[in-house]
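J.: After the structure tokens below, expect a handful of questions from me.
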Amino acid sequence: MSALPEYKTRVLLENEGVPLVPGAFFEAGAPLPDALPEPPIYIKAQIPGATSRAAHGLVRRCDTTEQLETGLKQLLAPGDWGQAEGVLAADAVKMTGEYYAACMLDFGTADKLPRGVMLFSTEGGSGVEQRTDSLRKISFSLLKPPNTDELTAKLDGVPDAVPAAKFLESFIKTFIRYKLIVLEANPIGVLEDGSLLVVDCRAEFENSAVGKKDRDLFAAPATAREDKTRLERLVEKVNEADPAGTGFIRENREPAPEGAWRVATNLCGGGGKMLWEMTTGAREDIYTMNESDTSGGLSAFKSYRVLRAILEMKDSQVLLLTGSGMGFQNQYHLAAAMWKALRESAAPLPALLRFGGTDEDKARDLIEKIAPTLSTPIKTYMPHIFPNAMVDDIPEMAAAQRIQTTPELLPDGEPSFSVDVPPGDFFYYPEKWDKEEAPPCVAACPNNFLAWNAEKRVVEPVEGARCIGCLICETVSLLEGAGELRIKLDMPEVE
Amino acid sequence: MNGILKHLIGIENPKVLVVGMTGKQGQGRTKMMMKMGVEILAGCTPGKGGQTVLDKPVFNNAKEAVAAHPQINCAVMYVPAPAVKAAAMDAMDAGIKFSVLTADGVPTHDEVVLKEYSKERGATYLGPNTVGMLDTAGYLFGLIGGSATWAKQNYLPGCVGVISRSGGLSQLLGAFHCRPNLPGPREDGTFGPLWGEKYPGVTAVMCTGGDPMPGVTMLDAARAFQKDERTKVIVAYGETGSSQENDLADAVKSGEITKPIIVFLGGMYTKAGVAQSHAGAMIRNEYETYAFKRKAMEDAGITVVERPDAVFAQTAKVLGL
């Protein structure tokens, strides 16, 4: 869930014809216009999700131009509240009353269908949450939203019920049109002529519900993007270049308790994350370096890149990886990515690896075969061993000091051929394979993407065939061939 | 065919329309379902009507497909999240009573609308955000199992009905019940085989999905297993968020569900209001917490375990293995 600041929520309401108090937005970092609005006016710092702004001095009344200029300068500069996106200057209107309205979702139960819910009060303004008796709860269908007449019938006792119902009809339409999780207006000003207008508002939304044409409006501000760590931005770039499947990490911002084992994780899917939480939620001796998820239909190329990012967390002592059940990811491909990441990392981690799912046995066999060649200890687990049992081995594995090593040299120069999706460069070295027949990497390709050109004695891509980025060709080339086919997977550049 | 869909929605012989069959995932999963013996009659993708994919005719929408093949009674959808609502409504309008919505990230508003729309039309759907379902009577919808070969080897006929809000755990809870001599922790604290060569096996595995408002809920699935004569015990993965586990507890308490139920409940340390492993696991009120759900289920007589590998010893105990 993400919060939308007031000035952007106003745009949504305006698009559905909901009346708003007149106002102007001043963006942080942009020069102030020569002509400022006429006082009296309220200025409000625009910080998504901020509450109790008035109490923190983030909402101010300006009765003079001098007060307005000073206030704008202060609120547009970084302060205790961080950096506001900007300041909204809204006219001070004369109100005869204050209403409250909020829309949200009722998720339903076995006996009750989920629906939209509107909370409405004629006693809005500060402290409305303490006046819960005044709140009316109006349930409505998202499929057939209520019209003015239907809403009027629900506003029994409200003065000027018809204009209020008209207002609320547009308010509900806004909630539905933008598929918001919360839309709140407080206060809604009642003017002398009985008309209503929104004085203050906010919204919460799901990123997945934002339509293409609205993405700019709902985009996170630059300040939010800057909060991400280098590795998180790196993985974001990996996703931009290779969107299929889930590749996600978030580093733990909390400091590690003294003496706790610092565990980097690669957990696949929501179930994997839940198993880890159930295992370590009460363990003060285990500090989780990061959340992560590699799941869905991601390629081994992408798994490799996410794993490389995870291995870059310098304070980690051990890596714990669990495979993704039995849905998407072939575990043999994941093991190939794990091996590549370990051998191409300058500081590979001692690793506890559990593969569970398609080709889990082949995955485990591969890792057990190559483990002696690595500079760090590796322990594998049968699929019926879950994180709750794996954690018992963390102290022993973490006791092996993480060492800096010379990573395997990556191929250099012009690749023999490349694949755009998922992105990777292939290097074929004919001098390493002097036999007549095709090297084993050709037959190992599960998608018939590779062919042996006997005349030129090179491995080539098959026209019209697709590389799924499984890394098995390189794995087989190293284990059964002579290392004649290598793949270079560039890591994105981030500052 | 005497599968679980008969008890869920009255479908004895599933005849399937694959929505989004022309896409990469659609084609791959269609091949997998065909290898599993699923009777696929057609596919549909907007604007691709008239094509033939995997020897199956492709139509522009479900209405056209059903007009040409009136036997179609199920739809399995491999469409992106923003297109799920329209595709599911199209299938329901065409008279299809059961759909599987695999996509992750369907807007919550769309899920609310689909619940109402399906109720009005007497239809239901599995998901969204599900790996699908399989029945050892002979069908598989979605992507559960990863490949037909794997699914055939790992999901074997037996007597355990599996329900799960997690894709990975639904598959794992299903497959491990089909492994001879499965080792695991026993109730007496020892570790070793929980049963012999004769494994419990599964009747069906239903992943209700990780979203807050699934079409088929845990209770809907349990009701189907209750009617299913093959199923002797129900094994489930539940977690925080939504009312599903509480609804299941109420049904057991009222005597509607009488078969033994074992639940691995996740979310012991989940904090209220925090986005969790699955979108549906977020706690919105006190009834959706781990503590409340655990008490409700245990009070109703449901066996609740705290770790996934503890499930299998409980199954062995219930079945007297």
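Each chain of the structure tokens is named A, B, ... in the order shown, its residues numbered from 1; ligands are numbered from 1 in display order.
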Per residue of chain B within 7 Å of chain A, what are the shortest atom pair and its distance in Å to one decimal, counting only C-alpha atoms, with rows by chain and residue number, as JSON lines?

T.:
```
{"residue": "B:Gly105", "atom": "CA", "partner": "A:Ser208", "partner_atom": "CA", "distance": 5.7}
{"residue": "B:Val106", "atom": "CA", "partner": "A:Ser208", "partner_atom": "CA", "distance": 6.9}
{"residue": "B:Pro107", "atom": "CA", "partner": "A:Ala209", "partner_atom": "CA", "distance": 4.8}
{"residue": "B:His109", "atom": "CA", "partner": "A:Lys179", "partner_atom": "CA", "distance": 5.6}
{"residue": "B:Val112", "atom": "CA", "partner": "A:Pro114", "partner_atom": "CA", "distance": 5.6}
{"residue": "B:Val113", "atom": "CA", "partner": "A:Leu143", "partner_atom": "CA", "distance": 5.6}
{"residue": "B:Lys115", "atom": "CA", "partner": "A:Leu113", "partner_atom": "CA", "distance": 6.9}
{"residue": "B:Glu116", "atom": "CA", "partner": "A:Leu113", "partner_atom": "CA", "distance": 6.7}
{"residue": "B:Val131", "atom": "CA", "partner": "A:Gly327", "partner_atom": "CA", "distance": 6.9}
{"residue": "B:Leu143", "atom": "CA", "partner": "A:Gly327", "partner_atom": "CA", "distance": 6.2}
{"residue": "B:Ile144", "atom": "CA", "partner": "A:Gly327", "partner_atom": "CA", "distance": 5.2}
{"residue": "B:Gly145", "atom": "CA", "partner": "A:Gly327", "partner_atom": "CA", "distance": 5.2}
{"residue": "B:Gly146", "atom": "CA", "partner": "A:Gly327", "partner_atom": "CA", "distance": 4.3}
{"residue": "B:Trp150", "atom": "CA", "partner": "A:Thr358", "partner_atom": "CA", "distance": 6.2}
{"residue": "B:Ser166", "atom": "CA", "partner": "A:Gly271", "partner_atom": "CA", "distance": 5.5}
{"residue": "B:Gly168", "atom": "CA", "partner": "A:Gly325", "partner_atom": "CA", "distance": 4.2}
{"residue": "B:Leu169", "atom": "CA", "partner": "A:Gly271", "partner_atom": "CA", "distance": 6.0}
{"residue": "B:Gln171", "atom": "CA", "partner": "A:Met326", "partner_atom": "CA", "distance": 5.8}
{"residue": "B:Leu172", "atom": "CA", "partner": "A:Gly325", "partner_atom": "CA", "distance": 5.9}
{"residue": "B:Met213", "atom": "CA", "partner": "A:Phe107", "partner_atom": "CA", "distance": 6.7}
{"residue": "B:Ser243", "atom": "CA", "partner": "A:Thr109", "partner_atom": "CA", "distance": 5.8}
{"residue": "B:Asp247", "atom": "CA", "partner": "A:Ala110", "partner_atom": "CA", "distance": 6.2}
{"residue": "B:Gly266", "atom": "CA", "partner": "A:Met274", "partner_atom": "CA", "distance": 6.3}
{"residue": "B:Gly267", "atom": "CA", "partner": "A:Met278", "partner_atom": "CA", "distance": 6.6}
{"residue": "B:Met268", "atom": "CA", "partner": "A:Met278", "partner_atom": "CA", "distance": 6.2}
{"residue": "B:Tyr269", "atom": "CA", "partner": "A:Gly281", "partner_atom": "CA", "distance": 5.6}
{"residue": "B:Ser277", "atom": "CA", "partner": "A:Gly270", "partner_atom": "CA", "distance": 4.3}
{"residue": "B:His278", "atom": "CA", "partner": "A:Gly270", "partner_atom": "CA", "distance": 5.3}
```

J.: Could you list, as a ChimeraX atom specification, every residue within 8 Å of Val494 of chain A, counting only C-alpha atoms and ignoring same-chain residues fewer than 5 positions away?

T.: /A:230,233-234

J.: Can I get the selection written as a PDB file, in the first residue's frame, with N, CA and C atoms?

T.:
```pdb
ATOM      1  N   ARG A 230      21.839   0.718  -2.510  1.00  0.00           N
ATOM      2  CA  ARG A 230      22.457   0.478  -3.824  1.00  0.00           C
ATOM      3  C   ARG A 230      22.043  -0.892  -4.370  1.00  0.00           C
ATOM      4  N   ARG A 233      18.499  -0.941  -5.599  1.00  0.00           N
ATOM      5  CA  ARG A 233      18.382  -0.287  -6.912  1.00  0.00           C
ATOM      6  C   ARG A 233      18.987  -1.163  -7.997  1.00  0.00           C
ATOM      7  N   LEU A 234      20.027  -1.884  -7.618  1.00  0.00           N
ATOM      8  CA  LEU A 234      20.635  -2.797  -8.592  1.00  0.00           C
ATOM      9  C   LEU A 234      19.617  -3.857  -9.033  1.00  0.00           C
TER      10      LEU A 234
END
```

J.: Can you pull out every residue within 10 Å of Glu436 of chain A, counting only C-alpha atoms, but drop anything in the same chain fewer than 5 positions away, and send it as a count of residues only?

T.: 4

J.: Closest to Ala279 of chain B among B:Asp309, B:Val235, B:Asp104, B:Glu120, using only C-alpha atoms?

T.: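 Ranking B:Asp309, B:Val235, B:Asp104, B:Glu120 by distance to Ala279 of chain B, first place goes to B:Asp104.
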
J.: Output as a list in words all residues of segment 31-96 of chain B that backbone DSSP marks as helix (DSSP H, G or I).

T.: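 Checking each residue of segment 31-96 of chain B, the helix (DSSP H, G or I) ones are Lys31, Met32, Met33, Met34, Lys35, Ala62, Lys63, Glu64, Ala65, Val66, Ala67, Ala68, Ala81, Pro82, Ala83, Val84, Lys85, Ala86, Ala87, Ala88, Met89, Asp90, Ala91, Met92 and Asp93 of chain B.
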
J.: What residues in segment 137-242 of chain A get the DSSP label strand (DSSP E)? Please answer as a PyMOL selection string.

T.: chain A and resi 137-140+180-190+196-198+201-205

J.: Find the residues near Ser121 of chain A: any atom within 9 Å, counting only C-alpha atoms, skip ones fewer than 3 places away on the same chain, and give them as a list in words.

T.: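 My reading of the contact set: Glu98, Tyr99, Tyr100, Ala101, Gly124, Val128, Arg131, Thr132, Ser134, Leu135 and Arg136 of chain A.
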
J.: Excluding same-chain residues fewer than 4 positions from Tyr304 of chain A, what lies within 6 Å of it counting only C-alpha atoms, as a PyMOL selection string?

T.: chain A and resi 300+337+341

J.: Deliver the residues from the most recent selection as a file, using N, CA and C atoms, as a compact mmCIF listing (two decimals), in the first residue's frame.

T.:
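Saved file part.txt follows:
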```txt
# COMPACT_ATOMS: atom_id res chain seq x y z
N ALA A 300 17.17 -18.45 -14.82
CA ALA A 300 18.36 -18.63 -13.98
C ALA A 300 19.31 -17.45 -14.15
N ALA A 337 22.57 -21.41 -11.26
CA ALA A 337 22.73 -19.98 -10.97
C ALA A 337 23.49 -19.78 -9.66
N ALA A 341 27.05 -17.87 -9.29
CA ALA A 341 27.17 -16.70 -8.41
C ALA A 341 28.29 -16.90 -7.38
```

J.: What's the 10 Å shell around segment 215-217 of chain A, counting only C-alpha atoms, without same-chain residues fewer than 6 positions away, as an NGL selection string?

T.: :A and (4 or 8-9 or 11-12 or 207 or 209)
